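As provided, target.cif (mmCIF, C-alpha atoms) reads as follows.
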data_protein
#
loop_
_atom_site.label_atom_id
_atom_site.label_comp_id
_atom_site.auth_asym_id
_atom_site.auth_seq_id
_atom_site.Cartn_x
_atom_site.Cartn_y
_atom_site.Cartn_z
CA MET A 187 111.41 0.84 76.76
CA ARG A 188 108.77 2.87 74.94
CA ARG A 189 106.53 5.83 75.71
CA ARG A 190 103.09 4.63 76.65
CA ASN A 191 101.39 6.50 73.79
CA PHE A 192 103.69 4.76 71.27
CA ILE A 193 102.04 1.38 71.92
CA LYS A 194 98.43 1.43 70.82
CA GLY A 195 95.50 -0.80 70.08
CA ILE A 196 97.07 -4.21 70.54
CA VAL A 197 96.06 -5.05 74.09
CA GLY A 198 93.32 -4.46 76.59
CA GLN A 199 93.68 -2.98 80.04
CA PRO A 200 96.86 -4.05 81.79
CA LEU A 201 96.40 -6.13 84.93
CA GLN A 202 98.17 -5.51 88.23
CA THR A 203 100.09 -8.62 89.22
CA PRO A 204 102.18 -9.49 92.28
CA SER A 205 105.97 -9.66 92.05
CA ALA A 206 108.88 -10.88 94.14
CA SER A 207 109.74 -7.26 95.02
CA GLY A 208 106.33 -6.79 96.63
CA LYS A 209 105.69 -3.74 94.44
CA GLY A 210 103.82 -5.64 91.69
CA GLN A 211 103.73 -4.72 88.05
CA LYS A 212 101.15 -4.07 85.38
CA ILE A 213 101.18 -6.54 82.50
CA ALA A 214 99.29 -6.07 79.23
CA ARG A 215 98.50 -9.21 77.26
CA CYS A 216 97.43 -9.99 73.71
CA PRO A 217 93.65 -10.53 73.84
CA THR A 218 93.93 -13.47 71.42
CA CYS A 219 96.87 -15.57 72.65
CA ARG A 220 97.29 -14.00 76.14
CA VAL A 221 101.07 -13.64 75.78
CA ALA A 222 102.53 -10.74 77.77
CA VAL A 223 103.23 -7.81 75.41
CA TRP A 224 104.48 -5.11 77.79
CA SER A 225 104.84 -4.23 81.46
CA ASN A 226 105.00 -1.17 83.67
CA TYR A 227 107.49 -1.65 86.48
CA PRO A 228 106.90 0.65 89.46
CA GLN A 229 110.57 1.64 89.60
CA ALA A 230 110.34 3.24 86.14
CA GLY A 231 106.86 4.73 86.50
CA PRO A 232 103.58 4.40 84.57
CA ALA A 233 104.74 6.50 81.60
CA ILE A 234 107.25 3.85 80.51
CA ARG A 235 106.35 0.50 79.05
CA PHE A 236 108.85 -2.31 78.83
CA VAL A 237 107.98 -4.21 75.65
CA ARG A 238 108.61 -7.95 75.58
CA VAL A 239 111.15 -8.14 72.78
CA GLY A 240 109.90 -11.58 71.72
CA THR A 241 106.59 -10.00 70.68
CA MET A 242 108.26 -7.68 68.16
CA ASP A 243 108.49 -8.40 64.43
CA ASN A 244 112.30 -8.25 64.51
CA PRO A 245 113.41 -9.14 68.04
CA ASP A 246 117.02 -9.69 66.92
CA LEU A 247 117.31 -5.92 66.43
CA CYS A 248 116.85 -5.32 70.17
CA PRO A 249 119.32 -7.35 72.23
CA PRO A 250 118.97 -6.77 75.98
CA ASP A 251 120.99 -4.10 77.78
CA VAL A 252 120.50 -5.88 81.09
CA HIS A 253 118.89 -9.11 82.28
CA ILE A 254 116.57 -8.46 85.23
CA PHE A 255 115.04 -10.67 87.91
CA THR A 256 117.63 -13.37 87.26
CA SER A 257 117.15 -14.66 90.82
CA SER A 258 113.95 -16.35 89.61
CA LYS A 259 115.25 -17.68 86.29
CA GLN A 260 115.25 -21.41 85.72
CA PRO A 261 118.61 -23.14 86.28
CA TRP A 262 118.71 -24.29 82.64
CA VAL A 263 118.57 -20.68 81.38
CA THR A 264 122.10 -19.55 80.61
CA LEU A 265 123.06 -15.95 80.02
CA PRO A 266 125.82 -14.96 77.61
CA ALA A 267 129.28 -14.53 79.09
CA GLY A 268 129.81 -10.93 80.14
CA ALA A 269 126.09 -10.07 80.00
CA ARG A 270 124.93 -7.45 82.49
CA ALA A 271 122.54 -9.20 84.88
CA VAL A 272 120.94 -8.34 88.21
CA PRO A 273 119.04 -10.55 90.68
CA GLU A 274 116.03 -8.19 90.81
CA PHE A 275 115.53 -4.76 89.26
CA TYR A 276 118.37 -2.24 88.95
CA ASP A 277 119.30 1.31 89.78
CA LEU A 278 118.16 3.27 86.72
CA ASN A 279 120.83 5.92 87.27
CA ALA A 280 123.57 3.30 87.21
CA VAL A 281 122.38 1.49 84.06
CA TRP A 282 120.58 3.95 81.80
CA SER A 283 122.40 6.49 79.65
CA ALA A 284 121.99 10.21 80.33
CA GLU A 285 119.84 10.41 77.20
CA SER A 286 117.51 7.64 78.43
CA LEU A 287 117.23 9.22 81.87
CA GLU A 288 116.27 12.53 80.29
CA ARG A 289 113.63 10.83 78.10
CA ARG A 290 112.25 9.19 81.24
CA ARG A 291 112.13 12.52 83.05
CA LEU A 292 110.24 14.13 80.16
CA MET A 293 107.82 11.19 79.83
CA ARG A 294 107.05 11.22 83.54
CA ALA A 295 106.48 14.99 83.51
CA LYS A 296 104.16 14.69 80.52
CA ALA A 297 102.26 11.79 82.14
CA GLN A 298 101.62 13.90 85.25
CA GLN A 299 100.05 16.62 83.06
CA THR A 300 97.48 14.25 81.54
#

For this file, write the structure as structure tokens.
Amino acid sequence: MRRRNFIKGIVGQPLQTPSASGKGQKIARCPTCRVAVWSNYPQAGPAIRFVRVGTMDNPDLCPPDVHIFTSSKQPWVTLPAGARAVPEFYDLNAVWSAESLERRRLMRAKAQQT
């Protein structure tokens, strides 16, 4: 999760795409290879971008806190024993730390001012 102004200049306009939840999501892609770089999920709001860890220089430094939308994963994808996983999205208040929730609150407030 990153503030939207932290991610700059690597992608064009994000595209609204459908999703299993019916709420859709915005996905920004690399203009060269078209791989998804980040998304905005409606549950978190437009001020927060969920960066695809595989697009980072050192993805091993950012193991997942939770695996989402596992209801649509392929049967051959196995998750580590004990990993937190949810079929769709999750309740932010139940998963995020108090510090993360406060950052989200501040980011959303700032986004509404601009």

**Q.** Gap from CA of Arg270 in chain A to CA of Val252 in chain A - Å, one decimal
**A.**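 According to the coordinates, CA of Arg270 in chain A and CA of Val252 in chain A are separated by 4.9 Å.
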
Q) Expressed in Å to a single decimal, how great is the separation between CA of Pro200 in chain A and CA of Glu274 in chain A? A) 21.6 Å

Q. Interatomic distance between CA of Ile254 in chain A and CA of Pro273 in chain A?
A.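 Going from CA of Ile254 in chain A over to CA of Pro273 in chain A covers 6.3 Å.
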
Q: Considering only C-alpha atoms, state which residue in the set A:Ala206, A:Val221, A:Ala284, A:Ala230 is at the smallest distance from Ser258 in chain A.
A: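 Looking at the shortest contact to Ser258 in chain A, the residue is A:Ala206.
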
Sorted per-residue table, range 231-269 of chain A near range 208-215 of chain A, closest atoms and distance, 10 Å, all atoms listed in the file, as JSON lines:
{"residue": "A:Pro232", "atom": "CA", "partner": "A:Lys212", "partner_atom": "CA", "distance": 8.8}
{"residue": "A:Arg235", "atom": "CA", "partner": "A:Lys212", "partner_atom": "CA", "distance": 9.4}
{"residue": "A:Phe236", "atom": "CA", "partner": "A:Ile213", "partner_atom": "CA", "distance": 9.5}
{"residue": "A:Val237", "atom": "CA", "partner": "A:Ala214", "partner_atom": "CA", "distance": 9.6}

I need the residues from that last selection saved to file as a CSV table (one decimal), keeping the file's coordinate frame (with C-alpha atoms), if you can.
chain,number,residue,atom,x,y,z
A,232,PRO,CA,103.6,4.4,84.6
A,235,ARG,CA,106.4,0.5,79.0
A,236,PHE,CA,108.8,-2.3,78.8
A,237,VAL,CA,108.0,-4.2,75.6

Q: Tell me which residues the PyMOL selection byres ((chain A and resi 269) around 12) grabs here, as an MDAnalysis selection string.
A: chainID A and resid 249:254 256 264:268 270:272

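If all atoms listed in the file are the atoms counted, then among A:Gln199, A:Gln260, A:Cys248, A:Tyr276 the closest residue to Tyr227 in chain A is A:Tyr276.
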
**Q.** Contacts of Ala297 in chain A at 9 Å (only C-alpha atoms; same-chain gap of 4+ positions) as a VMD selection string
**A.** chain A and resid 232 to 233 292 to 293

Q) Quick one: of A:Gln299, A:Pro204, A:Ile234, A:Val223, who's nearest to Leu287 in chain A, counting all atoms listed in the file? A)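 Nearest candidate to Leu287 in chain A out of A:Gln299, A:Pro204, A:Ile234, A:Val223: A:Ile234.
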
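Using only C-alpha atoms, the shortest contact distance between Arg294 in chain A and any of A:Trp282, A:Gly231, A:Phe255, A:Phe275 is found at A:Gly231.
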
Completion of range 204-222 of chain A up to N, CA, C and O atoms, as a PDB file, in the frame of the given file:
ATOM      1  N   PRO A 204     101.177  -9.513  91.220  1.00  0.00           N
ATOM      2  CA  PRO A 204     102.180  -9.490  92.280  1.00  0.00           C
ATOM      3  C   PRO A 204     103.571  -9.759  91.712  1.00  0.00           C
ATOM      4  O   PRO A 204     103.710 -10.284  90.606  1.00  0.00           O
ATOM      5  N   SER A 205     104.588  -9.388  92.460  1.00  0.00           N
ATOM      6  CA  SER A 205     105.970  -9.660  92.050  1.00  0.00           C
ATOM      7  C   SER A 205     106.810  -9.964  93.277  1.00  0.00           C
ATOM      8  O   SER A 205     106.410  -9.678  94.403  1.00  0.00           O
ATOM      9  N   ALA A 206     107.983 -10.528  93.044  1.00  0.00           N
ATOM     10  CA  ALA A 206     108.880 -10.880  94.140  1.00  0.00           C
ATOM     11  C   ALA A 206     109.299  -9.657  94.954  1.00  0.00           C
ATOM     12  O   ALA A 206     109.565  -9.761  96.143  1.00  0.00           O
ATOM     13  N   SER A 207     109.341  -8.484  94.316  1.00  0.00           N
ATOM     14  CA  SER A 207     109.740  -7.260  95.020  1.00  0.00           C
ATOM     15  C   SER A 207     108.675  -6.780  95.994  1.00  0.00           C
ATOM     16  O   SER A 207     108.946  -5.958  96.859  1.00  0.00           O
ATOM     17  N   GLY A 208     107.447  -7.258  95.814  1.00  0.00           N
ATOM     18  CA  GLY A 208     106.330  -6.790  96.630  1.00  0.00           C
ATOM     19  C   GLY A 208     105.661  -5.557  96.067  1.00  0.00           C
ATOM     20  O   GLY A 208     104.631  -5.128  96.552  1.00  0.00           O
ATOM     21  N   LYS A 209     106.246  -4.959  95.027  1.00  0.00           N
ATOM     22  CA  LYS A 209     105.690  -3.740  94.440  1.00  0.00           C
ATOM     23  C   LYS A 209     104.708  -4.044  93.303  1.00  0.00           C
ATOM     24  O   LYS A 209     103.982  -3.169  92.862  1.00  0.00           O
ATOM     25  N   GLY A 210     104.712  -5.268  92.791  1.00  0.00           N
ATOM     26  CA  GLY A 210     103.820  -5.640  91.690  1.00  0.00           C
ATOM     27  C   GLY A 210     104.249  -5.003  90.391  1.00  0.00           C
ATOM     28  O   GLY A 210     105.220  -4.253  90.331  1.00  0.00           O
ATOM     29  N   GLN A 211     103.523  -5.329  89.357  1.00  0.00           N
ATOM     30  CA  GLN A 211     103.730  -4.720  88.050  1.00  0.00           C
ATOM     31  C   GLN A 211     102.444  -4.835  87.263  1.00  0.00           C
ATOM     32  O   GLN A 211     101.594  -5.665  87.568  1.00  0.00           O
ATOM     33  N   LYS A 212     102.293  -3.974  86.280  1.00  0.00           N
ATOM     34  CA  LYS A 212     101.150  -4.070  85.380  1.00  0.00           C
ATOM     35  C   LYS A 212     101.610  -4.783  84.120  1.00  0.00           C
ATOM     36  O   LYS A 212     102.645  -4.434  83.540  1.00  0.00           O
ATOM     37  N   ILE A 213     100.849  -5.783  83.700  1.00  0.00           N
ATOM     38  CA  ILE A 213     101.180  -6.540  82.500  1.00  0.00           C
ATOM     39  C   ILE A 213     100.010  -6.459  81.531  1.00  0.00           C
ATOM     40  O   ILE A 213      98.864  -6.723  81.915  1.00  0.00           O
ATOM     41  N   ALA A 214     100.302  -6.096  80.295  1.00  0.00           N
ATOM     42  CA  ALA A 214      99.290  -6.070  79.230  1.00  0.00           C
ATOM     43  C   ALA A 214      99.507  -7.290  78.356  1.00  0.00           C
ATOM     44  O   ALA A 214     100.643  -7.607  77.983  1.00  0.00           O
ATOM     45  N   ARG A 215      98.429  -7.964  78.029  1.00  0.00           N
ATOM     46  CA  ARG A 215      98.500  -9.210  77.260  1.00  0.00           C
ATOM     47  C   ARG A 215      97.724  -9.095  75.950  1.00  0.00           C
ATOM     48  O   ARG A 215      96.777  -8.331  75.852  1.00  0.00           O
ATOM     49  N   CYS A 216      98.156  -9.883  74.978  1.00  0.00           N
ATOM     50  CA  CYS A 216      97.430  -9.990  73.710  1.00  0.00           C
ATOM     51  C   CYS A 216      96.067 -10.599  74.016  1.00  0.00           C
ATOM     52  O   CYS A 216      95.988 -11.629  74.694  1.00  0.00           O
ATOM     53  N   PRO A 217      94.974  -9.991  73.533  1.00  0.00           N
ATOM     54  CA  PRO A 217      93.650 -10.530  73.840  1.00  0.00           C
ATOM     55  C   PRO A 217      93.382 -11.876  73.162  1.00  0.00           C
ATOM     56  O   PRO A 217      92.515 -12.619  73.597  1.00  0.00           O
ATOM     57  N   THR A 218      94.147 -12.219  72.130  1.00  0.00           N
ATOM     58  CA  THR A 218      93.930 -13.470  71.420  1.00  0.00           C
ATOM     59  C   THR A 218      94.707 -14.622  72.037  1.00  0.00           C
ATOM     60  O   THR A 218      94.146 -15.637  72.423  1.00  0.00           O
ATOM     61  N   CYS A 219      96.029 -14.465  72.171  1.00  0.00           N
ATOM     62  CA  CYS A 219      96.870 -15.570  72.650  1.00  0.00           C
ATOM     63  C   CYS A 219      97.265 -15.443  74.111  1.00  0.00           C
ATOM     64  O   CYS A 219      97.837 -16.368  74.680  1.00  0.00           O
ATOM     65  N   ARG A 220      97.015 -14.280  74.731  1.00  0.00           N
ATOM     66  CA  ARG A 220      97.290 -14.000  76.140  1.00  0.00           C
ATOM     67  C   ARG A 220      98.761 -13.877  76.489  1.00  0.00           C
ATOM     68  O   ARG A 220      99.127 -13.831  77.652  1.00  0.00           O
ATOM     69  N   VAL A 221      99.649 -13.834  75.488  1.00  0.00           N
ATOM     70  CA  VAL A 221     101.070 -13.640  75.780  1.00  0.00           C
ATOM     71  C   VAL A 221     101.282 -12.219  76.308  1.00  0.00           C
ATOM     72  O   VAL A 221     100.597 -11.283  75.893  1.00  0.00           O
ATOM     73  N   ALA A 222     102.214 -12.061  77.238  1.00  0.00           N
ATOM     74  CA  ALA A 222     102.530 -10.740  77.770  1.00  0.00           C
ATOM     75  C   ALA A 222     103.207  -9.911  76.672  1.00  0.00           C
ATOM     76  O   ALA A 222     104.147 -10.369  76.036  1.00  0.00           O
TER      77      ALA A 222
END
